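**Q** Please find coords18.cif (mmCIF, C-alpha atoms and all ligand atoms) on the next line:
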```
data_start
loop_
_atom_site.group_PDB
_atom_site.id
_atom_site.type_symbol
_atom_site.label_atom_id
_atom_site.label_comp_id
_atom_site.auth_asym_id
_atom_site.auth_seq_id
_atom_site.Cartn_x
_atom_site.Cartn_y
_atom_site.Cartn_z
ATOM 1 C CA MET A 129 103.154 109.359 122.853
ATOM 2 C CA LYS A 130 104.658 106.242 121.335
ATOM 3 C CA LEU A 131 104.430 105.508 117.606
ATOM 4 C CA PHE A 132 104.471 101.842 116.582
ATOM 5 C CA LEU A 133 104.595 100.238 113.152
ATOM 6 C CA ASP A 134 101.888 97.686 112.397
ATOM 7 C CA THR A 135 103.770 95.323 110.105
ATOM 8 C CA ALA A 136 105.824 92.140 110.026
ATOM 9 C CA SER A 137 107.894 93.355 107.077
ATOM 10 C CA VAL A 138 111.527 93.686 108.166
ATOM 11 C CA GLN A 139 112.195 95.925 105.156
ATOM 12 C CA GLU A 140 109.422 98.344 106.137
ATOM 13 C CA ILE A 141 110.630 98.359 109.739
ATOM 14 C CA ARG A 142 114.216 99.122 108.660
ATOM 15 C CA ASP A 143 113.035 101.913 106.333
ATOM 16 C CA ALA A 144 110.805 103.558 108.938
ATOM 17 C CA ALA A 145 113.266 103.078 111.810
ATOM 18 C CA ALA A 146 115.953 104.961 109.854
ATOM 19 C CA MET A 147 114.368 108.292 110.947
ATOM 20 C CA GLY A 148 114.846 107.191 114.556
ATOM 21 C CA LEU A 149 111.279 107.702 115.746
ATOM 22 C CA VAL A 150 109.745 104.211 115.753
ATOM 23 C CA ASP A 151 109.054 103.182 119.354
ATOM 24 C CA GLY A 152 107.772 99.671 118.760
ATOM 25 C CA VAL A 153 106.136 97.176 116.424
ATOM 26 C CA THR A 154 102.867 95.259 116.406
ATOM 27 C CA THR A 155 102.334 92.134 114.339
ATOM 28 C CA ASN A 156 99.352 89.856 113.891
ATOM 29 C CA PRO A 157 98.862 86.467 112.195
ATOM 30 C CA SER A 158 97.613 88.071 108.951
ATOM 31 C CA LEU A 159 100.658 90.355 108.720
ATOM 32 C CA VAL A 160 103.063 87.496 109.506
ATOM 33 C CA ALA A 161 101.405 85.212 106.919
ATOM 34 C CA LYS A 162 102.230 87.757 104.174
ATOM 35 C CA GLU A 163 105.961 87.419 104.846
ATOM 36 C CA GLN A 164 106.372 83.713 103.952
ATOM 37 C CA LYS A 165 109.135 83.203 106.512
ATOM 38 C CA PRO A 166 109.165 81.330 109.869
ATOM 39 C CA PHE A 167 107.609 83.564 112.542
ATOM 40 C CA ASN A 168 110.434 83.097 115.056
ATOM 41 C CA GLU A 169 113.002 84.149 112.464
ATOM 42 C CA ILE A 170 111.004 87.315 111.632
ATOM 43 C CA LEU A 171 110.445 88.097 115.310
ATOM 44 C CA LYS A 172 114.133 87.736 116.156
ATOM 45 C CA GLU A 173 115.068 90.080 113.323
ATOM 46 C CA ILE A 174 112.447 92.677 114.283
ATOM 47 C CA CYS A 175 113.625 92.599 117.911
ATOM 48 C CA SER A 176 117.213 93.170 116.803
ATOM 49 C CA ILE A 177 116.157 96.356 114.966
ATOM 50 C CA ILE A 178 113.572 97.735 117.397
ATOM 51 C CA LYS A 179 114.469 98.015 121.067
ATOM 52 C CA GLY A 180 110.942 98.978 122.193
ATOM 53 C CA ASP A 181 107.936 96.689 122.577
ATOM 54 C CA VAL A 182 107.343 94.148 119.805
ATOM 55 C CA SER A 183 103.963 92.404 119.934
ATOM 56 C CA ALA A 184 103.759 88.792 118.766
ATOM 57 C CA GLU A 185 100.384 87.092 118.705
ATOM 58 C CA VAL A 186 99.433 83.587 119.818
ATOM 59 C CA THR A 187 97.191 81.597 117.477
ATOM 60 C CA ALA A 188 95.907 79.059 120.012
ATOM 61 C CA ILE A 189 92.443 79.774 121.395
ATOM 62 C CA ASP A 190 92.595 77.540 124.475
ATOM 63 C CA VAL A 191 94.340 78.624 127.693
ATOM 64 C CA ASP A 192 97.014 75.914 127.717
ATOM 65 C CA GLY A 193 97.793 76.457 124.054
ATOM 66 C CA MET A 194 98.076 80.226 124.538
ATOM 67 C CA LEU A 195 100.357 79.751 127.537
ATOM 68 C CA LYS A 196 102.598 77.327 125.656
ATOM 69 C CA GLN A 197 102.897 79.566 122.589
ATOM 70 C CA GLY A 198 103.221 82.771 124.603
ATOM 71 C CA ARG A 199 106.041 81.403 126.766
ATOM 72 C CA GLU A 200 107.944 80.385 123.622
ATOM 73 C CA LEU A 201 107.415 83.809 122.031
ATOM 74 C CA ALA A 202 108.528 85.594 125.200
ATOM 75 C CA LYS A 203 111.813 83.653 125.101
ATOM 76 C CA VAL A 204 112.743 85.126 121.704
ATOM 77 C CA ALA A 205 113.727 88.523 123.177
ATOM 78 C CA ASP A 206 113.197 90.632 126.304
ATOM 79 C CA ASN A 207 111.082 93.162 124.387
ATOM 80 C CA VAL A 208 108.509 90.654 123.103
ATOM 81 C CA ILE A 209 104.968 91.412 124.253
ATOM 82 C CA VAL A 210 102.632 88.434 123.953
ATOM 83 C CA LYS A 211 99.452 89.339 122.104
ATOM 84 C CA VAL A 212 96.294 87.445 123.042
ATOM 85 C CA PRO A 213 92.753 87.780 121.715
ATOM 86 C CA LEU A 214 90.026 89.336 123.838
ATOM 87 C CA ILE A 215 88.126 86.141 124.639
ATOM 88 C CA LYS A 216 87.530 84.453 128.005
ATOM 89 C CA GLU A 217 90.487 82.094 127.542
ATOM 90 C CA GLY A 218 92.664 85.062 126.590
ATOM 91 C CA LEU A 219 91.897 86.926 129.805
ATOM 92 C CA VAL A 220 92.609 83.806 131.891
ATOM 93 C CA ALA A 221 95.943 83.468 130.076
ATOM 94 C CA VAL A 222 96.768 87.161 130.677
ATOM 95 C CA GLN A 223 96.478 86.674 134.449
ATOM 96 C CA LYS A 224 98.755 83.636 134.343
ATOM 97 C CA PHE A 225 101.264 85.396 132.078
ATOM 98 C CA LYS A 226 101.309 88.381 134.450
ATOM 99 C CA SER A 227 102.115 86.133 137.415
ATOM 100 C CA GLU A 228 105.073 84.822 135.381
ATOM 101 C CA GLY A 229 106.296 88.323 134.477
ATOM 102 C CA ILE A 230 105.235 88.046 130.817
ATOM 103 C CA ARG A 231 103.605 91.229 129.476
ATOM 104 C CA CYS A 232 100.492 90.982 127.306
ATOM 105 C CA ASN A 233 98.862 93.057 124.599
ATOM 106 C CA VAL A 234 95.150 92.175 124.536
ATOM 107 C CA THR A 235 93.940 92.491 120.978
ATOM 108 C CA LEU A 236 90.672 92.590 119.014
ATOM 109 C CA CYS A 237 89.027 95.006 121.471
ATOM 110 C CA PHE A 238 85.851 96.603 120.157
ATOM 111 C CA SER A 239 84.012 97.783 123.294
ATOM 112 C CA PRO A 240 84.681 99.640 126.568
ATOM 113 C CA SER A 241 83.436 96.687 128.645
ATOM 114 C CA GLN A 242 86.007 94.420 126.970
ATOM 115 C CA ALA A 243 88.718 96.989 127.717
ATOM 116 C CA LEU A 244 87.659 97.169 131.378
ATOM 117 C CA LEU A 245 87.967 93.396 131.737
ATOM 118 C CA ALA A 246 91.368 93.350 130.034
ATOM 119 C CA ALA A 247 92.679 95.997 132.450
ATOM 120 C CA LYS A 248 91.318 94.078 135.438
ATOM 121 C CA ALA A 249 93.067 90.956 134.125
ATOM 122 C CA GLY A 250 96.350 92.898 134.161
ATOM 123 C CA ALA A 251 96.932 93.596 130.467
ATOM 124 C CA TYR A 252 100.078 95.630 129.797
ATOM 125 C CA ILE A 253 98.473 96.984 126.605
ATOM 126 C CA ILE A 254 94.920 97.041 125.254
ATOM 127 C CA SER A 255 94.437 97.251 121.477
ATOM 128 C CA PRO A 256 91.105 98.753 120.378
ATOM 129 C CA PHE A 257 90.673 98.568 116.580
ATOM 130 C CA VAL A 258 89.412 101.957 115.410
ATOM 131 C CA GLY A 259 89.485 101.450 111.624
ATOM 132 C CA ARG A 260 87.404 98.279 111.726
ATOM 133 C CA LEU A 261 84.750 100.110 113.784
ATOM 134 C CA ASP A 262 84.759 103.020 111.324
ATOM 135 C CA ASP A 263 84.305 100.408 108.571
ATOM 136 C CA ILE A 264 80.945 99.395 110.077
ATOM 137 C CA SER A 265 79.822 103.015 110.664
ATOM 138 C CA GLU A 266 80.715 103.095 114.357
ATOM 139 C CA ASP A 267 82.964 105.865 115.654
ATOM 140 C CA GLY A 268 86.255 104.122 116.425
ATOM 141 C CA MET A 269 87.828 107.121 118.141
ATOM 142 C CA ASN A 270 84.865 107.411 120.500
ATOM 143 C CA LEU A 271 85.851 104.004 121.865
ATOM 144 C CA ILE A 272 89.342 105.353 122.613
ATOM 145 C CA GLN A 273 87.865 108.290 124.531
ATOM 146 C CA GLN A 274 85.681 105.922 126.567
ATOM 147 C CA ILE A 275 88.545 103.561 127.416
ATOM 148 C CA LEU A 276 90.864 106.427 128.410
ATOM 149 C CA GLN A 277 88.202 107.817 130.728
ATOM 150 C CA ILE A 278 87.500 104.449 132.353
ATOM 151 C CA TYR A 279 91.215 103.717 132.855
ATOM 152 C CA ASN A 280 91.753 107.215 134.212
ATOM 153 C CA ASN A 281 88.784 106.920 136.629
ATOM 154 C CA TYR A 282 90.334 103.915 138.324
ATOM 155 C CA GLY A 283 94.047 104.449 137.746
ATOM 156 C CA PHE A 284 94.511 101.349 135.579
ATOM 157 C CA GLU A 285 98.076 101.172 134.272
ATOM 158 C CA THR A 286 97.137 99.350 131.057
ATOM 159 C CA GLN A 287 98.380 101.360 128.074
ATOM 160 C CA VAL A 288 95.884 102.209 125.356
ATOM 161 C CA LEU A 289 97.294 101.307 121.944
ATOM 162 C CA VAL A 290 95.154 102.645 119.106
ATOM 163 C CA ALA A 291 95.184 99.894 116.460
ATOM 164 C CA SER A 292 93.735 99.508 112.989
ATOM 165 C CA CYS A 293 94.727 103.115 112.180
ATOM 166 C CA ARG A 294 94.023 103.876 108.534
ATOM 167 C CA HIS A 295 95.138 107.510 108.084
ATOM 168 C CA PRO A 296 97.103 110.300 109.832
ATOM 169 C CA LEU A 297 93.952 111.770 111.420
ATOM 170 C CA HIS A 298 93.603 108.638 113.534
ATOM 171 C CA ILE A 299 97.084 109.377 114.914
ATOM 172 C CA VAL A 300 96.368 113.068 115.503
ATOM 173 C CA ASP A 301 93.068 112.268 117.268
ATOM 174 C CA SER A 302 94.846 109.634 119.376
ATOM 175 C CA ALA A 303 97.422 112.218 120.435
ATOM 176 C CA MET A 304 94.731 114.830 121.194
ATOM 177 C CA MET A 305 92.940 112.319 123.433
ATOM 178 C CA GLY A 306 96.112 111.284 125.225
ATOM 179 C CA ALA A 307 96.297 107.662 124.042
ATOM 180 C CA HIS A 308 99.617 106.122 125.043
ATOM 181 C CA ILE A 309 100.446 104.469 121.712
ATOM 182 C CA ALA A 310 99.211 104.411 118.113
ATOM 183 C CA THR A 311 100.233 101.667 115.720
ATOM 184 C CA MET A 312 100.032 102.151 111.974
ATOM 185 C CA PRO A 313 100.971 100.649 108.611
ATOM 186 C CA PHE A 314 104.154 101.939 106.964
ATOM 187 C CA LYS A 315 102.055 103.996 104.501
ATOM 188 C CA VAL A 316 100.392 105.963 107.328
ATOM 189 C CA TYR A 317 103.709 106.419 109.180
ATOM 190 C CA ASP A 318 105.193 107.814 105.977
ATOM 191 C CA GLN A 319 102.275 110.251 105.573
ATOM 192 C CA LEU A 320 102.737 111.787 109.051
ATOM 193 C CA ILE A 321 105.622 114.025 107.993
ATOM 194 C CA LYS A 322 104.228 115.118 104.662
ATOM 195 C CA HIS A 323 102.756 118.518 103.878
ATOM 196 C CA PRO A 324 102.771 120.073 100.381
ATOM 197 C CA LEU A 325 103.456 123.559 101.792
ATOM 198 C CA THR A 326 106.638 122.242 103.435
ATOM 199 C CA ASP A 327 107.895 120.954 100.067
ATOM 200 C CA ILE A 328 106.889 124.128 98.190
ATOM 201 C CA GLY A 329 108.386 126.319 100.928
ATOM 202 C CA LEU A 330 111.669 124.430 100.978
ATOM 203 C CA GLN A 331 111.985 124.555 97.205
ATOM 204 C CA LYS A 332 111.432 128.340 97.252
ATOM 205 C CA PHE A 333 113.999 128.864 100.036
ATOM 206 C CA LEU A 334 116.593 126.873 98.098
ATOM 207 C CA GLU A 335 115.888 128.729 94.836
ATOM 208 C CA ASP A 336 116.094 132.120 96.574
ATOM 209 C CA TRP A 337 119.314 131.071 98.298
ATOM 210 C CA LYS A 338 120.880 130.245 94.942
ATOM 211 C CA LYS A 339 120.049 133.784 93.740
ATOM 212 C CA ALA A 340 121.527 135.436 96.852
ATOM 213 C CA LYS A 341 124.752 137.357 96.384
HETATM 214 O O1 LIG A 401 97.384 94.753 114.279
HETATM 215 C C1 LIG A 401 96.049 94.971 114.505
HETATM 216 C C2 LIG A 401 95.402 96.032 113.653
HETATM 217 O O2 LIG A 401 96.173 97.197 113.660
HETATM 218 C C3 LIG A 401 94.936 95.583 112.298
HETATM 219 O O3 LIG A 401 94.546 96.641 111.466
HETATM 220 O O4 LIG A 401 93.872 97.509 109.255
HETATM 221 O O5 LIG A 401 93.774 95.038 109.692
HETATM 222 O O6 LIG A 401 92.132 96.570 110.747
HETATM 223 P P1 LIG A 401 93.536 96.428 110.228
#
```
Would you put the structure from the file into structure tokens?
**A**
Amino acid sequence: MKLFLDTASVQEIRDAAAMGLVDGVTTNPSLVAKEQKPFNEILKEICSIIKGDVSAEVTAIDVDGMLKQGRELAKVADNVIVKVPLIKEGLVAVQKFKSEGIRCNVTLCFSPSQALLAAKAGAYIISPFVGRLDDISEDGMNLIQQILQIYNNYGFETQVLVASCRHPLHIVDSAMMGAHIATMPFKVYDQLIKHPLTDIGLQKFLEDWKKAK
């Protein structure tokens, strides 16, 4: 299972990548806007730190605009994955991008029927947003289960990237279900390793060791 960071902060990416277990990065326009730096500059820097997939989202909502922006983004580095929204124009763009060898992450997925269409269009990654479904009292992880089953039934190669993860349980559930990727904020990534019994146990071992003859 791949673990991605959901951030455009180069500092956070450097900090998390230091442990050596970050497989990729996802960004979105809201995350990029927080950074107050030109997007291409940020993207170049992220791609120099992370060798795995780095998703960069288009902001155009018409096919030609998406294609223009996506082609520019894809030129920044070989590991850039062009992120497009799950709207009709987005799925038309995905098919065109695929024919040009540009890989797409289809984002803002909230239903299994949307995920089916994205896979048929040739998406490299589908991004269902679990946290935002939980926020409106719908079971986000149930959507992941449904998409995995549909993709498995027909052998779709589209990878399921669990997005909008809010806490470590979303990551554990994703792993239990066999999702290919989970992306998470730095705070959630940092929580994955923590357990109070590990800290207490380590402290005790070290104290006992000091007392040993
Ligand atoms: O990058 C897409 C997604 O992970 C956003 O998460 O927390 O804004 O719903 P969130």
**Q** So which residues are near ligand LIG 401 (chain A), meaning at most 7 Å away with all atoms listed in the file counted, given back as an NGL selection string?
**A** :A and (134 or 154-156 or 257 or 259-260 or 291-294 or 311-312)
**Q** Could you tell me how far CA of Thr326 in chain A lies from CA of Met147 in chain A, in Å and to one decimal?
**A**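 Here the two named atoms are 17.6 Å from each other.
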**Q** Interatomic distance between CA of Glu285 in chain A and CA of Asp206 in chain A?
**A**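 Value for the CA of Glu285 in chain A-CA of Asp206 in chain A distance: 20.1 Å.
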**Q** Which residue gives the smallest distance to Ile178 in chain A among A:Asp151, A:Asp336, A:Glu140, A:Glu266, with only C-alpha atoms counted?
**A** A:Asp151
**Q** Do you know which residues lie at most 12 Å from (109.9, 98.4, 105.9), with coordinates as in the file and only C-alpha atoms counted, and could you write them as a VMD selection string?
**A** chain A and resid 133 to 147 150 153 163 174 177 313 to 315 317 to 318
**Q** Could you please take those selected residues and save C-alpha atoms as a PDB file, in the coordinates of the input?
**A**
```pdb
ATOM      1  CA  LEU A 133     104.595 100.238 113.152  1.00  0.00           C
ATOM      2  CA  ASP A 134     101.888  97.686 112.397  1.00  0.00           C
ATOM      3  CA  THR A 135     103.770  95.323 110.105  1.00  0.00           C
ATOM      4  CA  ALA A 136     105.824  92.140 110.026  1.00  0.00           C
ATOM      5  CA  SER A 137     107.894  93.355 107.077  1.00  0.00           C
ATOM      6  CA  VAL A 138     111.527  93.686 108.166  1.00  0.00           C
ATOM      7  CA  GLN A 139     112.195  95.925 105.156  1.00  0.00           C
ATOM      8  CA  GLU A 140     109.422  98.344 106.137  1.00  0.00           C
ATOM      9  CA  ILE A 141     110.630  98.359 109.739  1.00  0.00           C
ATOM     10  CA  ARG A 142     114.216  99.122 108.660  1.00  0.00           C
ATOM     11  CA  ASP A 143     113.035 101.913 106.333  1.00  0.00           C
ATOM     12  CA  ALA A 144     110.805 103.558 108.938  1.00  0.00           C
ATOM     13  CA  ALA A 145     113.266 103.078 111.810  1.00  0.00           C
ATOM     14  CA  ALA A 146     115.953 104.961 109.854  1.00  0.00           C
ATOM     15  CA  MET A 147     114.368 108.292 110.947  1.00  0.00           C
ATOM     16  CA  VAL A 150     109.745 104.211 115.753  1.00  0.00           C
ATOM     17  CA  VAL A 153     106.136  97.176 116.424  1.00  0.00           C
ATOM     18  CA  GLU A 163     105.961  87.419 104.846  1.00  0.00           C
ATOM     19  CA  ILE A 174     112.447  92.677 114.283  1.00  0.00           C
ATOM     20  CA  ILE A 177     116.157  96.356 114.966  1.00  0.00           C
ATOM     21  CA  PRO A 313     100.971 100.649 108.611  1.00  0.00           C
ATOM     22  CA  PHE A 314     104.154 101.939 106.964  1.00  0.00           C
ATOM     23  CA  LYS A 315     102.055 103.996 104.501  1.00  0.00           C
ATOM     24  CA  TYR A 317     103.709 106.419 109.180  1.00  0.00           C
ATOM     25  CA  ASP A 318     105.193 107.814 105.977  1.00  0.00           C
TER      26      ASP A 318
END
```
**Q** Here's the selection I'm unsure about, the PyMOL selection byres (((chain A and resi 205) around 9) and not hetatm); applied to the file above, which residues does it give, as a list in words?
**A**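 When the PyMOL selection byres (((chain A and resi 205) around 9) and not hetatm) is applied, the selected residues are Leu171, Lys172, Cys175, Ser176, Leu201, Ala202, Lys203, Val204, Asp206, Asn207 and Val208 of chain A.
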**Q** Looking at only C-alpha atoms, which of A:Ile189, A:Leu325, A:Ala161, A:Ala243 is the one that sits closest to Phe284 in chain A?
**A**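 Checking each candidate against Phe284 in chain A, we get A:Ala243 as the closest.
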**Q** What's the separation between CA of Leu236 in chain A and CA of Ile254 in chain A, in Å to one decimal place?
**A**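 Separating CA of Leu236 in chain A from CA of Ile254 in chain A is a distance of 8.8 Å.
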**Q** Taking the file above as input, evaluate the PyMOL selection byres (((chain A and resi 195-200) around 9) and not hetatm) and report the hits as a PyMOL selection string.
**A** chain A and resi 184-188+190-194+201-204+209-212+221-222+224-225+230
**Q** Give the answer as one residue: which of A:Ser239, A:Val234, A:Gln164, A:Gln223 has the shortest atom-to-atom distance to Asp267 in chain A, using all atoms listed in the file?
**A**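 Ranking A:Ser239, A:Val234, A:Gln164, A:Gln223 by distance to Asp267 in chain A, first place goes to A:Ser239.
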**Q** Can I get N, CA and C atoms for range 273-308 of chain A, as a tab-separated table (two decimals), in the first residue's frame?
**A**
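New file out.tsv:
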```
chain	number	residue	atom	x	y	z
A	273	GLN	N	-15.06	0.57	-0.37
A	273	GLN	CA	-15.38	-0.86	-0.54
A	273	GLN	C	-16.12	-1.09	-1.86
A	274	GLN	N	-17.08	-0.24	-2.16
A	274	GLN	CA	-17.87	-0.39	-3.39
A	274	GLN	C	-16.98	-0.23	-4.63
A	275	ILE	N	-16.13	0.79	-4.61
A	275	ILE	CA	-15.27	1.04	-5.79
A	275	ILE	C	-14.30	-0.13	-5.99
A	276	LEU	N	-13.71	-0.60	-4.87
A	276	LEU	CA	-12.75	-1.72	-5.00
A	276	LEU	C	-13.44	-2.94	-5.59
A	277	GLN	N	-14.67	-3.19	-5.15
A	277	GLN	CA	-15.38	-4.36	-5.69
A	277	GLN	C	-15.68	-4.20	-7.18
A	278	ILE	N	-16.15	-3.04	-7.56
A	278	ILE	CA	-16.46	-2.79	-8.98
A	278	ILE	C	-15.20	-2.93	-9.83
A	279	TYR	N	-14.10	-2.32	-9.39
A	279	TYR	CA	-12.86	-2.38	-10.17
A	279	TYR	C	-12.36	-3.83	-10.26
A	280	ASN	N	-12.50	-4.55	-9.14
A	280	ASN	CA	-12.07	-5.93	-9.10
A	280	ASN	C	-12.93	-6.80	-10.02
A	281	ASN	N	-14.24	-6.55	-10.04
A	281	ASN	CA	-15.16	-7.34	-10.89
A	281	ASN	C	-14.75	-7.31	-12.35
A	282	TYR	N	-14.25	-6.18	-12.79
A	282	TYR	CA	-13.97	-6.00	-14.22
A	282	TYR	C	-12.49	-5.84	-14.55
A	283	GLY	N	-11.65	-5.98	-13.54
A	283	GLY	CA	-10.20	-5.90	-13.78
A	283	GLY	C	-9.73	-4.52	-14.21
A	284	PHE	N	-10.41	-3.46	-13.76
A	284	PHE	CA	-9.92	-2.11	-14.07
A	284	PHE	C	-8.58	-1.89	-13.39
A	285	GLU	N	-7.66	-1.22	-14.08
A	285	GLU	CA	-6.33	-1.00	-13.50
A	285	GLU	C	-6.23	0.30	-12.72
A	286	THR	N	-7.27	1.10	-12.76
A	286	THR	CA	-7.28	2.39	-12.04
A	286	THR	C	-7.00	2.16	-10.55
A	287	GLN	N	-6.05	2.91	-10.01
A	287	GLN	CA	-5.72	2.75	-8.59
A	287	GLN	C	-6.67	3.58	-7.73
A	288	VAL	N	-7.09	2.99	-6.62
A	288	VAL	CA	-8.00	3.69	-5.71
A	288	VAL	C	-7.17	4.42	-4.65
A	289	LEU	N	-7.26	5.74	-4.69
A	289	LEU	CA	-6.52	6.59	-3.75
A	289	LEU	C	-7.54	7.17	-2.76
A	290	VAL	N	-7.45	6.76	-1.52
A	290	VAL	CA	-8.40	7.24	-0.51
A	290	VAL	C	-7.97	8.65	-0.10
A	291	ALA	N	-8.82	9.63	-0.43
A	291	ALA	CA	-8.49	11.04	-0.17
A	291	ALA	C	-9.40	11.60	0.91
A	292	SER	N	-9.05	12.79	1.36
A	292	SER	CA	-9.81	13.45	2.43
A	292	SER	C	-9.79	12.60	3.71
A	293	CYS	N	-8.63	11.99	3.97
A	293	CYS	CA	-8.45	11.20	5.21
A	293	CYS	C	-8.27	12.16	6.37
A	294	ARG	N	-8.96	11.91	7.46
A	294	ARG	CA	-8.91	12.86	8.58
A	294	ARG	C	-8.21	12.31	9.82
A	295	HIS	N	-8.04	10.97	9.88
A	295	HIS	CA	-7.45	10.36	11.09
A	295	HIS	C	-6.86	9.00	10.71
A	296	PRO	N	-6.00	8.44	11.60
A	296	PRO	CA	-5.33	7.18	11.28
A	296	PRO	C	-6.27	6.01	10.96
A	297	LEU	N	-7.47	6.02	11.53
A	297	LEU	CA	-8.40	4.91	11.25
A	297	LEU	C	-8.79	4.84	9.77
A	298	HIS	N	-8.86	6.00	9.14
A	298	HIS	CA	-9.13	6.00	7.69
A	298	HIS	C	-8.02	5.24	6.94
A	299	ILE	N	-6.80	5.36	7.43
A	299	ILE	CA	-5.67	4.71	6.75
A	299	ILE	C	-5.72	3.20	7.03
A	300	VAL	N	-5.99	2.85	8.29
A	300	VAL	CA	-6.07	1.44	8.66
A	300	VAL	C	-7.21	0.76	7.88
A	301	ASP	N	-8.37	1.39	7.84
A	301	ASP	CA	-9.51	0.81	7.10
A	301	ASP	C	-9.17	0.69	5.61
A	302	SER	N	-8.48	1.67	5.07
A	302	SER	CA	-8.08	1.62	3.65
A	302	SER	C	-7.19	0.40	3.41
A	303	ALA	N	-6.25	0.19	4.33
A	303	ALA	CA	-5.33	-0.95	4.19
A	303	ALA	C	-6.07	-2.27	4.33
A	304	MET	N	-7.02	-2.34	5.28
A	304	MET	CA	-7.80	-3.57	5.48
A	304	MET	C	-8.61	-3.90	4.22
A	305	MET	N	-9.09	-2.87	3.54
A	305	MET	CA	-9.92	-3.09	2.34
A	305	MET	C	-9.08	-3.35	1.10
A	306	GLY	N	-7.80	-3.05	1.17
A	306	GLY	CA	-6.94	-3.28	0.01
A	306	GLY	C	-6.89	-2.11	-0.96
A	307	ALA	N	-7.18	-0.90	-0.47
A	307	ALA	CA	-7.03	0.29	-1.34
A	307	ALA	C	-5.55	0.42	-1.72
A	308	HIS	N	-5.30	0.93	-2.92
A	308	HIS	CA	-3.92	1.00	-3.38
A	308	HIS	C	-3.11	2.09	-2.69
```
